[in-house]
file query20.txt (compact mmCIF, C-alpha atoms)
# COMPACT_ATOMS: atom_id res chain seq x y z
CA MET H 358 10.11 -8.73 -14.22
CA ASN H 359 10.36 -5.44 -12.33
CA LEU H 360 11.38 -5.78 -8.69
CA ALA H 361 10.86 -3.42 -5.76
CA PRO H 362 14.06 -2.01 -4.19
CA GLY H 363 15.67 -4.35 -1.68
CA ALA H 364 14.59 -7.57 -3.39
CA TRP H 365 18.10 -8.86 -4.01
CA LYS H 366 19.23 -7.94 -0.50
CA TYR H 367 16.71 -10.42 0.93
CA ALA H 368 16.98 -13.04 -1.83
CA LEU H 369 20.74 -13.16 -2.35
CA VAL H 370 21.63 -15.05 0.83
CA PRO H 371 19.35 -18.08 0.26
CA LEU H 372 20.18 -18.14 -3.46
CA LEU H 373 23.93 -18.19 -2.76
CA ALA H 374 23.46 -20.75 0.01
CA ALA H 375 21.52 -23.19 -2.22
CA PRO H 376 24.52 -24.72 -4.10
CA PHE H 377 26.56 -25.05 -0.91
CA ALA H 378 23.63 -26.63 0.94
CA PHE H 379 23.43 -29.25 -1.83
CA VAL H 380 26.68 -30.75 -0.53
CA PHE H 381 24.98 -31.58 2.76
CA SER H 382 21.35 -32.10 1.76
CA VAL H 383 19.30 -31.98 -1.42
CA THR H 384 16.30 -30.94 0.63
CA ALA H 385 18.15 -28.05 2.29
CA SER H 386 19.37 -26.87 -1.10
CA ALA H 387 15.86 -27.01 -2.54
CA VAL H 388 14.44 -25.10 0.43
CA ALA H 389 17.08 -22.37 0.12
CA LEU H 390 16.47 -22.06 -3.62
CA ALA H 391 12.70 -21.90 -3.13
CA LEU H 392 13.13 -19.26 -0.43
CA GLY H 393 15.26 -17.10 -2.69
CA VAL H 394 12.94 -17.41 -5.69
CA GLY H 395 9.90 -16.84 -3.48
CA THR H 396 11.45 -13.68 -2.08
CA LEU H 397 12.00 -12.30 -5.58
CA ALA H 398 8.40 -13.13 -6.44
CA PHE H 399 7.23 -11.34 -3.31
CA PHE H 400 9.04 -8.16 -4.44
CA ARG H 401 7.58 -8.24 -7.96
CA ASP H 402 6.43 -4.86 -9.24
CA PRO H 403 4.22 -5.20 -12.34
CA GLU H 404 3.08 -2.26 -14.44
CA ARG H 405 -0.45 -0.96 -13.82
CA THR H 406 -2.84 1.09 -15.99
CA PRO H 407 -5.32 3.34 -14.13
CA PRO H 408 -8.88 3.64 -15.49
CA PRO H 409 -9.94 6.94 -17.12
CA THR H 410 -11.45 8.41 -13.94
CA GLY H 411 -12.03 7.74 -10.25
CA VAL H 412 -10.03 7.36 -7.04
CA VAL H 413 -8.08 4.11 -7.34
CA ALA H 414 -6.99 1.52 -4.79
CA PRO H 415 -3.60 2.29 -3.23
CA ALA H 416 -2.80 -1.38 -2.64
CA ASP H 417 -3.33 -4.91 -3.90
CA GLY H 418 -5.27 -7.09 -1.49
CA THR H 419 -8.67 -7.76 0.02
CA VAL H 420 -11.06 -5.21 1.50
CA SER H 421 -10.84 -6.11 5.19
CA VAL H 422 -12.57 -3.05 6.67
CA LEU H 423 -15.51 -0.98 5.46
CA ARG H 424 -17.30 0.79 8.28
CA GLU H 425 -18.59 4.09 9.56
CA GLU H 426 -16.63 5.70 12.39
CA GLY H 427 -18.72 8.61 13.61
CA ASP H 428 -19.24 10.76 10.53
CA ARG H 429 -16.38 9.08 8.65
CA VAL H 430 -16.07 5.98 6.49
CA ARG H 431 -13.03 3.70 6.77
CA LEU H 432 -11.80 1.44 3.97
CA GLY H 433 -8.96 -0.96 4.84
CA THR H 434 -6.99 -3.26 2.55
CA PHE H 435 -5.14 -6.30 3.88
CA MET H 436 -2.22 -7.51 1.75
CA ASN H 437 -1.38 -11.18 2.13
CA VAL H 438 1.98 -12.75 1.30
CA TRP H 439 0.98 -13.53 -2.29
CA HIS H 440 -0.12 -9.97 -3.11
CA VAL H 441 2.05 -7.31 -4.73
CA HIS H 442 3.22 -5.03 -1.91
CA VAL H 443 3.95 -1.88 -3.90
CA VAL H 444 1.66 0.99 -2.81
CA ARG H 445 0.38 3.46 -5.43
CA ALA H 446 -1.10 6.95 -5.45
CA PRO H 447 -4.93 6.94 -5.43
CA PHE H 448 -5.03 10.33 -7.16
CA ALA H 449 -2.79 12.99 -8.74
CA GLY H 450 -1.07 15.48 -6.46
CA THR H 451 2.13 16.88 -4.94
CA ILE H 452 3.89 15.34 -1.93
CA THR H 453 4.03 17.76 1.01
CA ASP H 454 5.48 15.54 3.75
CA VAL H 455 6.65 11.99 4.54
CA GLU H 456 6.35 11.04 8.23
CA HIS H 457 7.43 7.82 9.95
CA ILE H 458 5.51 6.82 13.09
CA PRO H 459 7.12 4.07 15.25
CA GLY H 460 4.87 1.45 16.78
CA ALA H 461 4.12 -2.23 17.28
CA ASN H 462 4.19 -5.04 14.70
CA LYS H 463 0.90 -6.83 15.34
CA PRO H 464 -0.74 -8.91 12.58
CA ALA H 465 -2.04 -6.50 9.93
CA PHE H 466 -5.52 -8.03 9.99
CA SER H 467 -5.99 -7.59 13.77
CA LYS H 468 -7.64 -4.70 15.62
CA ASP H 469 -4.37 -4.11 17.47
CA SER H 470 -2.67 -3.21 14.17
CA ASP H 471 -4.12 0.32 14.54
CA ARG H 472 -1.10 0.95 16.79
CA ASN H 473 1.46 -0.56 14.41
CA GLU H 474 4.45 1.14 12.85
CA ARG H 475 3.40 3.26 9.90
CA VAL H 476 4.46 5.87 7.36
CA HIS H 477 2.23 8.79 6.36
CA VAL H 478 2.81 10.20 2.87
CA GLN H 479 0.98 13.52 2.78
CA PHE H 480 0.24 15.41 -0.41
CA GLU H 481 -2.04 17.98 -1.96
CA THR H 482 -4.29 16.62 -4.68
CA ASP H 483 -4.45 18.24 -8.11
CA PRO H 484 -7.92 19.74 -8.81
CA ASP H 485 -6.97 20.37 -12.45
CA SER H 486 -6.41 16.68 -13.17
CA ALA H 487 -9.18 15.34 -15.41
CA THR H 488 -8.84 11.93 -13.77
CA ASN H 489 -9.00 12.89 -10.10
CA GLN H 490 -12.60 14.14 -10.06
CA LEU H 491 -11.72 16.24 -7.01
CA PRO H 492 -13.43 19.65 -7.25
CA THR H 493 -10.99 21.55 -5.00
CA ASP H 494 -7.45 21.36 -3.64
CA SER H 495 -7.43 18.67 -0.95
CA GLU H 496 -4.84 17.64 1.61
CA ALA H 497 -4.43 13.85 1.48
CA THR H 498 -2.37 11.21 3.28
CA VAL H 499 -1.69 7.62 2.27
CA THR H 500 -0.61 5.45 5.21
CA PHE H 501 1.60 2.35 5.02
CA ILE H 502 0.93 0.05 8.02
CA ALA H 503 3.43 -2.62 9.04
CA GLY H 504 2.27 -6.14 9.95
CA ALA H 505 3.69 -8.92 12.12
CA PHE H 506 6.52 -9.59 9.67
CA ALA H 507 6.44 -6.28 7.76
CA ARG H 508 9.11 -4.39 9.62
CA ARG H 509 10.52 -2.56 6.62
CA ILE H 510 8.43 0.27 5.15
CA HIS H 511 10.09 1.90 2.15
CA PRO H 512 8.58 5.17 0.86
CA TYR H 513 9.90 6.14 -2.56
CA ARG H 514 8.81 9.77 -2.49
CA GLU H 515 9.95 13.05 -0.94
CA ALA H 516 8.38 16.47 -0.41
CA ASP H 517 7.68 18.41 -3.63
CA ASP H 518 7.46 15.24 -5.78
CA GLU H 519 4.54 15.41 -8.23
CA LEU H 520 2.49 12.25 -8.80
CA ASP H 521 -0.14 10.96 -11.18
CA ARG H 522 -2.78 8.41 -10.21
CA GLY H 523 -1.23 4.96 -10.03
CA ASP H 524 2.34 6.20 -9.56
CA ARG H 525 4.41 4.18 -7.11
CA LEU H 526 4.57 5.57 -3.57
CA GLY H 527 6.64 2.83 -1.92
CA HIS H 528 6.42 -0.71 -0.63
CA ILE H 529 6.24 -2.70 2.60
CA ALA H 530 8.39 -5.80 2.96
CA PHE H 531 6.65 -9.01 4.08
CA GLY H 532 2.99 -8.33 4.89
CA SER H 533 1.06 -5.12 5.42
CA ARG H 534 -2.13 -3.06 5.39
CA VAL H 535 -3.29 0.24 3.89
CA ASP H 536 -6.30 2.16 5.27
CA VAL H 537 -8.41 4.93 3.76
CA LEU H 538 -10.41 7.21 6.05
CA PHE H 539 -12.74 9.38 3.97
CA PRO H 540 -13.99 12.87 4.93
CA PRO H 541 -17.55 13.43 6.26
CA ALA H 542 -18.78 14.36 2.76
CA VAL H 543 -18.33 10.75 1.62
CA ASP H 544 -21.12 8.32 2.51
CA ILE H 545 -20.54 4.60 2.87
CA ASP H 546 -22.87 4.06 -0.11
CA ASP H 547 -20.45 6.06 -2.28
CA ILE H 548 -17.71 3.45 -1.87
CA ALA H 549 -17.41 1.30 -4.98
CA VAL H 550 -16.08 -1.85 -3.25
CA ASP H 551 -17.35 -4.19 -0.51
CA PRO H 552 -15.69 -6.27 2.25
CA GLY H 553 -14.04 -9.33 0.77
CA ASP H 554 -13.54 -7.75 -2.66
CA SER H 555 -10.16 -8.21 -4.28
CA MET H 556 -8.44 -4.99 -5.34
CA THR H 557 -5.59 -4.14 -7.67
CA ALA H 558 -3.44 -1.15 -6.80
CA GLY H 559 -3.69 1.67 -9.32
CA GLU H 560 -6.52 0.01 -11.25
CA THR H 561 -9.52 -0.79 -9.03
CA VAL H 562 -11.81 2.23 -8.57
CA ILE H 563 -12.73 2.68 -4.89
CA LEU H 564 -14.63 5.96 -5.26
CA ASP H 565 -16.06 7.46 -8.45
CA ASP H 566 -18.01 10.73 -8.80
CA GLY H 567 -18.20 11.05 -5.00
CA PRO H 568 -19.09 14.26 -3.15
CA LEU H 569 -15.44 15.17 -2.75
CA GLY H 570 -14.22 18.48 -1.48
CA GLU H 571 -11.92 18.13 1.50
CA PHE H 572 -10.40 14.65 0.95
CA ASP H 573 -8.22 12.68 3.38
CA VAL H 574 -6.67 9.23 3.04
CA LEU H 575 -5.59 8.37 6.57
CA ASP H 576 -4.80 5.77 9.13
CA ALA H 577 -6.29 6.09 12.59
call {"tool": "encode", "arguments": {"input": "query20.txt", "output": "structure tokens"}}
result
Amino acid sequence: MNLAPGAWKYALVPLLAAPFAFVFSVTASAVALALGVGTLAFFRDPERTPPPTGVVAPADGTVSVLREEGDRVRLGTFMNVWHVHVVRAPFAGTITDVEHIPGANKPAFSKDSDRNERVHVQFETDPDSATNQLPTDSEATVTFIAGAFARRIHPYREADDELDRGDRLGHIAFGSRVDVLFPPAVDIDDIAVDPGDSMTAGETVILDDGPLGEFDVLDA
């Protein structure tokens, strides 16, 4: 099983404590062992296969937001504790900047999470990619949003890195959210998912054959 970076750092302490805790309490030992194994499961990083075309989901989870904001459409994905927390590229492109924004750590499903800590990974999409279906060069940003317990955002990429759809961008430790704010050219009816739908990062198509020119994936 592939694991996201940092998995052993969090899991090693409870796993090492489990045999020592057994001396004092079977229950304490079992809890420590379960905590360590659960942590490793939380950091799992399975392989994903993108579909032939379309903009794909950047994160595993449930569609928690789909609304119009002025002339824009927002798509938000809430990742619960049982979801894979590795974030993937929705389209092919080249990283132009990685920016960390400090903030609060409110629950990722709350309205207040719009002011949470986040990381913007900005890149220019590849118009020559047969899978992107983006007619022109577009500046894009994928935003990692921390939750109440997700206080460790780990981007994997740096400026000038080239990505394909579904490539790993990074992960958020212990709960998180990823939002997509589409440009005015995209109508809410163009979105291929609905609130409550379950999505798989790098595989679920969130926009296919849309009226894409200038394309932004943003947090507020």
call {"tool": "residues_around", "arguments": {"input": "query20.txt", "residues": "Ile529 of chain H", "least_positions_apart": "6", "cutoff": "9 Å", "atoms": "only C-alpha atoms", "output": "list of chain:residue names"}}
result
H:His442, H:Val443, H:Val444, H:Phe501, H:Ile502, H:Ala503, H:Ala507, H:Arg508, H:Arg509, H:Ile510, H:His511, H:Pro512
call {"tool": "closest_residue", "arguments": {"input": "query20.txt", "among": "H:Met358, H:Ala542, H:Ala378, H:Ala446", "to": "Pro407 of chain H", "atoms": "all atoms listed in the file"}}
result
H:Ala446
call {"tool": "residues_around", "arguments": {"input": "query20.txt", "residues": "Phe435 of chain H", "least_positions_apart": "3", "cutoff": "6 Å", "atoms": "only C-alpha atoms", "output": "NGL selection string"}}
result
:H and (418-419 or 421 or 534)
call {"tool": "closest_residue", "arguments": {"input": "query20.txt", "among": "H:Val394, H:Val370, H:Ala516, H:Ala449", "to": "Val412 of chain H", "atoms": "only C-alpha atoms"}}
result
H:Ala449
call {"tool": "atom_distance", "arguments": {"input": "query20.txt", "atom1": "atom CA of Asp565 of chain H", "atom2": "atom CA of Ile548 of chain H"}}
result
7.9 Å
call {"tool": "closest_residue", "arguments": {"input": "query20.txt", "among": "H:Glu426, H:Asp544, H:Glu515, H:Glu560", "to": "Gly527 of chain H", "atoms": "all atoms listed in the file"}}
result
H:Glu515
call {"tool": "closest_residue", "arguments": {"input": "query20.txt", "among": "H:Val535, H:Val562, H:Ala497, H:Ala387", "to": "Gly523 of chain H", "atoms": "all atoms listed in the file"}}
result
H:Val562
call {"tool": "atom_distance", "arguments": {"input": "query20.txt", "atom1": "atom CA of Leu423 of chain H", "atom2": "atom CA of Asp551 of chain H"}}
result
7.0 Å
call {"tool": "residues_near_point", "arguments": {"input": "query20.txt", "point": "(1.5, 17.4, -5.4)", "cutoff": "8 Å", "atoms": "only C-alpha atoms", "output": "list of chain:residue names"}}
result
H:Ala449, H:Gly450, H:Thr451, H:Ile452, H:Thr453, H:Phe480, H:Glu481, H:Thr482, H:Asp483, H:Asp517, H:Asp518, H:Glu519, H:Leu520
call {"tool": "atom_distance", "arguments": {"input": "query20.txt", "atom1": "atom CA of Ala375 of chain H", "atom2": "atom CA of Ala391 of chain H"}}
result
9.0 Å
call {"tool": "residues_around", "arguments": {"input": "query20.txt", "residues": "Gly559 of chain H", "least_positions_apart": "6", "cutoff": "12 Å", "atoms": "all atoms listed in the file", "output": "mmCIF file with C-alpha atoms, keeping the file's coordinate frame"}}
result
data_model
loop_
_atom_site.group_PDB
_atom_site.id
_atom_site.type_symbol
_atom_site.label_atom_id
_atom_site.label_comp_id
_atom_site.auth_asym_id
_atom_site.auth_seq_id
_atom_site.Cartn_x
_atom_site.Cartn_y
_atom_site.Cartn_z
ATOM 1 C CA PRO H 403 4.220 -5.200 -12.340
ATOM 2 C CA GLU H 404 3.080 -2.260 -14.440
ATOM 3 C CA ARG H 405 -0.450 -0.960 -13.820
ATOM 4 C CA THR H 406 -2.840 1.090 -15.990
ATOM 5 C CA PRO H 407 -5.320 3.340 -14.130
ATOM 6 C CA PRO H 408 -8.880 3.640 -15.490
ATOM 7 C CA PRO H 409 -9.940 6.940 -17.120
ATOM 8 C CA THR H 410 -11.450 8.410 -13.940
ATOM 9 C CA GLY H 411 -12.030 7.740 -10.250
ATOM 10 C CA VAL H 412 -10.030 7.360 -7.040
ATOM 11 C CA VAL H 413 -8.080 4.110 -7.340
ATOM 12 C CA ALA H 414 -6.990 1.520 -4.790
ATOM 13 C CA PRO H 415 -3.600 2.290 -3.230
ATOM 14 C CA ALA H 416 -2.800 -1.380 -2.640
ATOM 15 C CA ASP H 417 -3.330 -4.910 -3.900
ATOM 16 C CA GLY H 418 -5.270 -7.090 -1.490
ATOM 17 C CA VAL H 441 2.050 -7.310 -4.730
ATOM 18 C CA VAL H 443 3.950 -1.880 -3.900
ATOM 19 C CA VAL H 444 1.660 0.990 -2.810
ATOM 20 C CA ARG H 445 0.380 3.460 -5.430
ATOM 21 C CA ALA H 446 -1.100 6.950 -5.450
ATOM 22 C CA PRO H 447 -4.930 6.940 -5.430
ATOM 23 C CA PHE H 448 -5.030 10.330 -7.160
ATOM 24 C CA ALA H 449 -2.790 12.990 -8.740
ATOM 25 C CA ASP H 521 -0.140 10.960 -11.180
ATOM 26 C CA ARG H 522 -2.780 8.410 -10.210
ATOM 27 C CA GLY H 523 -1.230 4.960 -10.030
ATOM 28 C CA ASP H 524 2.340 6.200 -9.560
ATOM 29 C CA ARG H 525 4.410 4.180 -7.110
ATOM 30 C CA LEU H 526 4.570 5.570 -3.570
#
